[in-house]
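Enquirer: I'd like to ask you about the structure that follows.
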Protein chains: 4
Amino acid sequence: MTAPLDDQHIAEAVARDMAAKDRVFGAFGIAIVAVRPGEVSLSMTVREDMLNGHDICHGGVVFTLADTAFAMACNSSNQTAVAAAVEISFVAAAENGEVLTAQAFERVRRRRTGIYDITVTGRDGRLIALARGHAHRIAKKVVAQLPSPGLEP
Amino acid sequence: MTAPLDDQHIAEAVARDMAAKDRVFGAFGIAIVAVRPGEVSLSMTVREDMLNGHDICHGGVVFTLADTAFAMACNSSNQTAVAAAVEISFVAAAENGEVLTAQAFERVRRRRTGIYDITVTGRDGRLIALARGHAHRIAKKVVAQLPSPGLEP
Amino acid sequence: MTAPLDDQHIAEAVARDMAAKDRVFGAFGIAIVAVRPGEVSLSMTVREDMLNGHDICHGGVVFTLADTAFAMACNSSNQTAVAAAVEISFVAAAENGEVLTAQAFERVRRRRTGIYDITVTGRDGRLIALARGHAHRIAKKVVAQLPSPGLEP
Amino acid sequence: MTAPLDDQHIAEAVARDMAAKDRVFGAFGIAIVAVRPGEVSLSMTVREDMLNGHDICHGGVVFTLADTAFAMACNSSNQTAVAAAVEISFVAAAENGEVLTAQAFERVRRRRTGIYDITVTGRDGRLIALARGHAHRIAKKVVAQLPSPGLEP
């Protein structure tokens with residue numbers, strides 16, 4: 001399959017592929033809101049089984065949503081990237097039943113590495129968490145049948 | 001209930017209380033391995049529904065285990081502490097079915113803040129992730145019926 | 001001196017006061033480019049004595065410029081704030097003689113804490129470093145003679 | 001010069017070479033305390049020109065000492081490594097005239113990356129700062145005339 005696809009189509013196809021294969025994406029009820037090259041927006045509704053002992057959304061669940069958006073954003077050119085490190089700051093509590101949105105976008109793109117900023121916001125737009133992810137790229141496509149512009153000569 | 005309990009008994013009671021109330025603790029099948037004041041060790045078996053698209057444990061799940069150990073360690077004196085920020089470095093992949101262990105311990109304890117280091121290791125002891133958590137303490141007990149040494153005059 | 005000053009005048013007065021008292025500000029030849037409430041831009045020329053063994057600007061010097069902008073931004077309401085933690089990502093090398101600009105701005109403002117994002121850019125606008133600072137506020141003015149809106153009832 | 005040198009001799013030679021070439025090392029009066037493969041200890045006396053407006057050591061100066069120890073530790077096998085990111089937590093103030101010690105050691109060593117933990121302590125051993133550095137290795141020696149075990153076939 002060598003027909004050229006533009007970056008937007010590649011990013012969408014990679015996001016669909018990752019969403020289908022990622023078991024946590026399904027288990028957590030995550031949905032894709034928007035995808036652009038280097039930029040992904042996801043949503044998720046906080047459920048009873050996602051709460052901690054304070055009856056608010058567990059920090060690990062907020063992180064998981066942010067990390068999933070980061071993963072999709074850093075793989076969006078169809079060159080596989082893995083998370084090397086992530087820092088997250090918890091700003092406000094997310095409530096049971098609340099719809100959270102995570103937006104990840106590329107701050108720095110280099111051949112082998114990348115830095116991505118992620119925000120998680122609540123129903124009313126208030127900031128729930130800020131995160132920054134560091135990715136390492138490897139010489140492998142995400143979706144074998146699609147081109148990966150950065151990987152080809 | 002004003003009978004004095006030593007720090008070890010308080011730490012154990014807080015951990016049991018948090019484990020019972022934290023819905024993610026149960027949903028993820030997390031178990032308490034060991035508890036000491038300022039130090040907590042937890043275990044969890046990676047399940048099929050915790051895998052990402054590479055068929056390895058999702059980074060969010062590894063983080064959740066580390067974050068839960070951090071939360072128990074920073075609350076272990078029965079003074080409520082909340083996670084302000086956490087940095088995690090992903091070192092190696094965790095496989096489906098693998099038993100992971102997270103160990104959190106106090107590096108810095110101050111009246112209003114604390115810093116905790118967390119390691120996540122695999123079945124064979126290899127390092128899966130390194131994390132560092134920053135906690136803010138608030139003037140509230142975790143378990144109302146127990147004393148909280150730092151909170152009392 | 002109880003005459004009301006607006007936030008802009010307070011931020012400028014605090015920056016001038018900090019610049020005058022901070023010995024590193026002078027020793028590194030840092031200059032104030034712009035100040036607004038919660039936002040500060042500084043510049044500095046990389047000198048021979050700021051180079052590391054690769055003949056590029058030492059990471060500690062880039063950090064110092066970023067950290068100084070962060071400090072001025074988080075103190076700009078005339079309520080003293082101290083750096084609790086900073087993460088910095090080094091993106092590109094800065095050369096000898098190059099003028100660097102650090103811009104810090106407030107991402108999150110809470111009563112006792114704050115989160116600030118800082119970018120350091122080179123002569124040509126390329127990104128040199130990205131940083132994020134976590135501040136703790138204390139109940140003390142920076143400039144005693146000026147009001148501090150957040151501290152007053 | 002192909003005579004085999006052991007890891008300890010390589011680490012010492014790299015540290016001496018870096019100390020001689022790094023202008024900040026000299027300008028800040030940093031001294032080597034101890035060197036082992038993957039582990040470096042440095043000292044520095046806080047000077048008047050290193051103080052901030054609170055008359056304590058500027059965070060950028062504490063970072064610079066930590067970052068220099070990190071750089072020497074991650075280059076100690078004579079394979080060049082560069083700092084990709086560093087997180088620092090400021091725990092206590094360092095005073096004018098105080099001798100600070102930074103100890104960096106390798107937590108994770110991989111072919112292309114590494115993670116290093118750094119502590120900065122004061123005269124009395126109290127913790128001044130905790131840092132963690134992320135390094136990227138490149139295919140180049142630090143000292144051309146010495147072997148670099150990781151780089152050779």
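Every chain in the structure tokens takes a letter, A first, then B, and so on in the order presented; its residues are numbered from 1, and the ligands are numbered from 1 following the presented order.
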Select from chain B every residue with an atom at most 9 Å from any atom of chain A, then for each give the shortest pair of atoms and their distance in Å to one decimal, using only C-alpha atoms, rows by chain and rising number, as CSV.

Expert:
residue,atom,partner,partner_atom,distance
B:Asp17,CA,A:Gly53,CA,8.4
B:Met18,CA,A:Gly53,CA,5.8
B:Ala19,CA,A:Gly53,CA,7.8
B:Ala20,CA,A:Gly53,CA,7.9
B:Lys21,CA,A:Gly53,CA,4.5
B:Asp22,CA,A:Asn52,CA,4.1
B:Arg23,CA,A:Asp49,CA,5.1
B:Val24,CA,A:Met50,CA,5.5
B:Phe25,CA,A:Asn52,CA,7.9
B:Gly26,CA,A:Asp49,CA,8.4
B:Ala27,CA,A:Asp49,CA,6.5
B:Glu48,CA,A:Arg23,CA,7.3
B:Asp49,CA,A:Arg23,CA,5.1
B:Met50,CA,A:Val24,CA,5.5
B:Leu51,CA,A:Arg23,CA,5.4
B:Asn52,CA,A:Asp22,CA,4.1
B:Gly53,CA,A:Asp22,CA,4.2
B:His54,CA,A:Asp22,CA,7.8
B:Asp55,CA,A:Asp22,CA,8.0
B:His58,CA,A:Val24,CA,7.1
B:Gly59,CA,A:Asp67,CA,7.2
B:Gly60,CA,A:Thr64,CA,4.0
B:Val61,CA,A:Thr64,CA,7.0
B:Val62,CA,A:Gly60,CA,8.7
B:Phe63,CA,A:Gly60,CA,6.0
B:Thr64,CA,A:Gly60,CA,4.0
B:Leu65,CA,A:Gly60,CA,7.7
B:Ala66,CA,A:Gly60,CA,8.5
B:Asp67,CA,A:Gly60,CA,6.3
B:Thr68,CA,A:Gly60,CA,7.8
B:Ala83,CA,A:Phe90,CA,6.9
B:Ala84,CA,A:Phe90,CA,5.3
B:Ala85,CA,A:Ser89,CA,4.1
B:Val86,CA,A:Ile88,CA,5.4
B:Glu87,CA,A:Glu87,CA,4.1
B:Ile88,CA,A:Val86,CA,5.4
B:Ser89,CA,A:Ala85,CA,4.1
B:Phe90,CA,A:Ala84,CA,5.3
B:Val91,CA,A:Ala84,CA,7.3

Enquirer: Those residues with C-alpha atoms, as a short mmCIF file (atom, residue, chain, number, x, y, z; two decimals), in the first residue's frame please?

Expert:
data_model
loop_
_atom_site.label_atom_id
_atom_site.label_comp_id
_atom_site.auth_asym_id
_atom_site.auth_seq_id
_atom_site.Cartn_x
_atom_site.Cartn_y
_atom_site.Cartn_z
CA ASP B 17 -8.99 1.74 55.90
CA MET B 18 -7.74 3.21 52.64
CA ALA B 19 -7.72 -0.22 50.95
CA ALA B 20 -11.32 -0.78 51.99
CA LYS B 21 -12.55 2.61 50.76
CA ASP B 22 -10.49 2.94 47.57
CA ARG B 23 -12.55 1.49 44.69
CA VAL B 24 -9.53 1.30 42.37
CA PHE B 25 -7.63 -0.75 44.95
CA GLY B 26 -10.33 -3.38 44.67
CA ALA B 27 -10.99 -3.05 40.94
CA GLU B 48 -5.65 -8.80 30.14
CA ASP B 49 -7.81 -5.68 30.63
CA MET B 50 -4.71 -3.74 31.79
CA LEU B 51 -2.79 -4.13 28.51
CA ASN B 52 -2.13 -1.46 25.93
CA GLY B 53 -1.89 -1.92 22.16
CA HIS B 54 1.63 -3.38 22.45
CA ASP B 55 0.23 -6.19 24.64
CA HIS B 58 -0.55 0.14 30.18
CA GLY B 59 1.60 2.91 31.68
CA GLY B 60 -1.50 4.25 33.42
CA VAL B 61 -1.91 0.97 35.28
CA VAL B 62 1.74 0.92 36.38
CA PHE B 63 1.29 4.51 37.53
CA THR B 64 -1.92 3.65 39.40
CA LEU B 65 -0.14 0.95 41.41
CA ALA B 66 2.74 3.34 42.21
CA ASP B 67 0.36 6.18 43.06
CA THR B 68 -1.65 3.97 45.41
CA ALA B 83 -0.82 14.01 45.84
CA ALA B 84 0.24 17.34 44.37
CA ALA B 85 2.52 16.02 41.64
CA VAL B 86 4.16 12.78 40.58
CA GLU B 87 6.93 12.09 38.07
CA ILE B 88 7.24 8.58 36.69
CA SER B 89 9.96 7.06 34.50
CA PHE B 90 9.08 3.90 32.61
CA VAL B 91 12.09 1.58 32.56
#

Enquirer: In range 3-129 of chain B, what's strand (DSSP E or B) per DSSP? Answer as a PDB file with C-alpha atoms, in the first residue's frame?

Expert:
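out-v1.pdb, freshly written:
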ATOM      1  CA  ALA B  31      -2.982  -6.270  47.754  1.00  0.00           C
ATOM      2  CA  ILE B  32      -1.029  -4.923  50.716  1.00  0.00           C
ATOM      3  CA  VAL B  33       2.332  -6.662  51.124  1.00  0.00           C
ATOM      4  CA  ALA B  34       3.847  -4.649  53.972  1.00  0.00           C
ATOM      5  CA  VAL B  35       3.231  -1.416  55.832  1.00  0.00           C
ATOM      6  CA  ARG B  36       5.494   0.623  58.076  1.00  0.00           C
ATOM      7  CA  GLU B  39       6.612   3.031  53.858  1.00  0.00           C
ATOM      8  CA  VAL B  40       4.192   0.801  51.972  1.00  0.00           C
ATOM      9  CA  SER B  41       4.600  -2.170  49.657  1.00  0.00           C
ATOM     10  CA  LEU B  42       1.736  -3.307  47.399  1.00  0.00           C
ATOM     11  CA  SER B  43       1.356  -6.028  44.775  1.00  0.00           C
ATOM     12  CA  MET B  44      -0.883  -6.465  41.732  1.00  0.00           C
ATOM     13  CA  THR B  45      -1.132  -9.005  38.938  1.00  0.00           C
ATOM     14  CA  LEU B  51      -2.794  -4.131  28.513  1.00  0.00           C
ATOM     15  CA  CYS B  57       0.840  -3.367  30.832  1.00  0.00           C
ATOM     16  CA  GLN B  79      -2.808  12.898  58.793  1.00  0.00           C
ATOM     17  CA  THR B  80      -4.482  13.239  55.410  1.00  0.00           C
ATOM     18  CA  ALA B  81      -2.106  14.008  52.549  1.00  0.00           C
ATOM     19  CA  VAL B  82      -2.975  14.504  48.905  1.00  0.00           C
ATOM     20  CA  ALA B  83      -0.824  14.008  45.839  1.00  0.00           C
ATOM     21  CA  ALA B  84       0.237  17.343  44.371  1.00  0.00           C
ATOM     22  CA  ALA B  85       2.520  16.018  41.645  1.00  0.00           C
ATOM     23  CA  VAL B  86       4.158  12.775  40.584  1.00  0.00           C
ATOM     24  CA  GLU B  87       6.926  12.093  38.068  1.00  0.00           C
ATOM     25  CA  ILE B  88       7.242   8.582  36.686  1.00  0.00           C
ATOM     26  CA  SER B  89       9.958   7.062  34.497  1.00  0.00           C
ATOM     27  CA  PHE B  90       9.079   3.895  32.610  1.00  0.00           C
ATOM     28  CA  VAL B  99       2.991  -9.855  39.521  1.00  0.00           C
ATOM     29  CA  LEU B 100       4.173  -6.285  40.093  1.00  0.00           C
ATOM     30  CA  THR B 101       5.342  -4.867  43.402  1.00  0.00           C
ATOM     31  CA  ALA B 102       5.310  -1.163  44.244  1.00  0.00           C
ATOM     32  CA  GLN B 103       7.340   0.092  47.189  1.00  0.00           C
ATOM     33  CA  ALA B 104       6.883   3.654  48.390  1.00  0.00           C
ATOM     34  CA  PHE B 105       8.949   5.285  51.109  1.00  0.00           C
ATOM     35  CA  GLU B 106       9.294   8.716  52.621  1.00  0.00           C
ATOM     36  CA  ARG B 107      12.311  10.739  51.514  1.00  0.00           C
ATOM     37  CA  VAL B 108      11.316  14.059  53.058  1.00  0.00           C
ATOM     38  CA  ARG B 109       8.744  14.742  55.755  1.00  0.00           C
ATOM     39  CA  THR B 113       4.576  18.610  52.546  1.00  0.00           C
ATOM     40  CA  GLY B 114       6.422  15.387  51.853  1.00  0.00           C
ATOM     41  CA  ILE B 115       8.418  13.695  49.098  1.00  0.00           C
ATOM     42  CA  TYR B 116       8.111   9.966  48.456  1.00  0.00           C
ATOM     43  CA  ASP B 117      10.104   7.656  46.199  1.00  0.00           C
ATOM     44  CA  ILE B 118       8.367   4.710  44.601  1.00  0.00           C
ATOM     45  CA  THR B 119       9.793   1.769  42.672  1.00  0.00           C
ATOM     46  CA  VAL B 120       7.755  -0.734  40.700  1.00  0.00           C
ATOM     47  CA  THR B 121       9.449  -4.071  40.118  1.00  0.00           C
ATOM     48  CA  LEU B 127      12.908  -2.386  37.634  1.00  0.00           C
ATOM     49  CA  ILE B 128       9.668  -1.538  35.781  1.00  0.00           C
ATOM     50  CA  ALA B 129       9.289   2.114  36.838  1.00  0.00           C
TER      51      ALA B 129
END

Enquirer: Could you please determine the separation between CA of Arg137 in chain D and CA of Gly150 in chain A in Å, to one decimal place?

Expert: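 CA of Gly150 in chain A lies at a distance of 21.5 Å from CA of Arg137 in chain D.
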
Enquirer: DSSP on the backbone: which residues in chain C end up as helix (DSSP H, G or I)? Give the answer as number ranges by chain.

Expert: C: 7-21, 23-27, 48-50, 59-74

Enquirer: Find the distance between CA of Glu98 in chain C and CA of Arg123 in chain C and write it in Å to one decimal.

Expert: 6.2 Å

Enquirer: Any idea what the distance is between CA of Pro147 in chain A and CA of Ala73 in chain A?

Expert: 16.6 Å
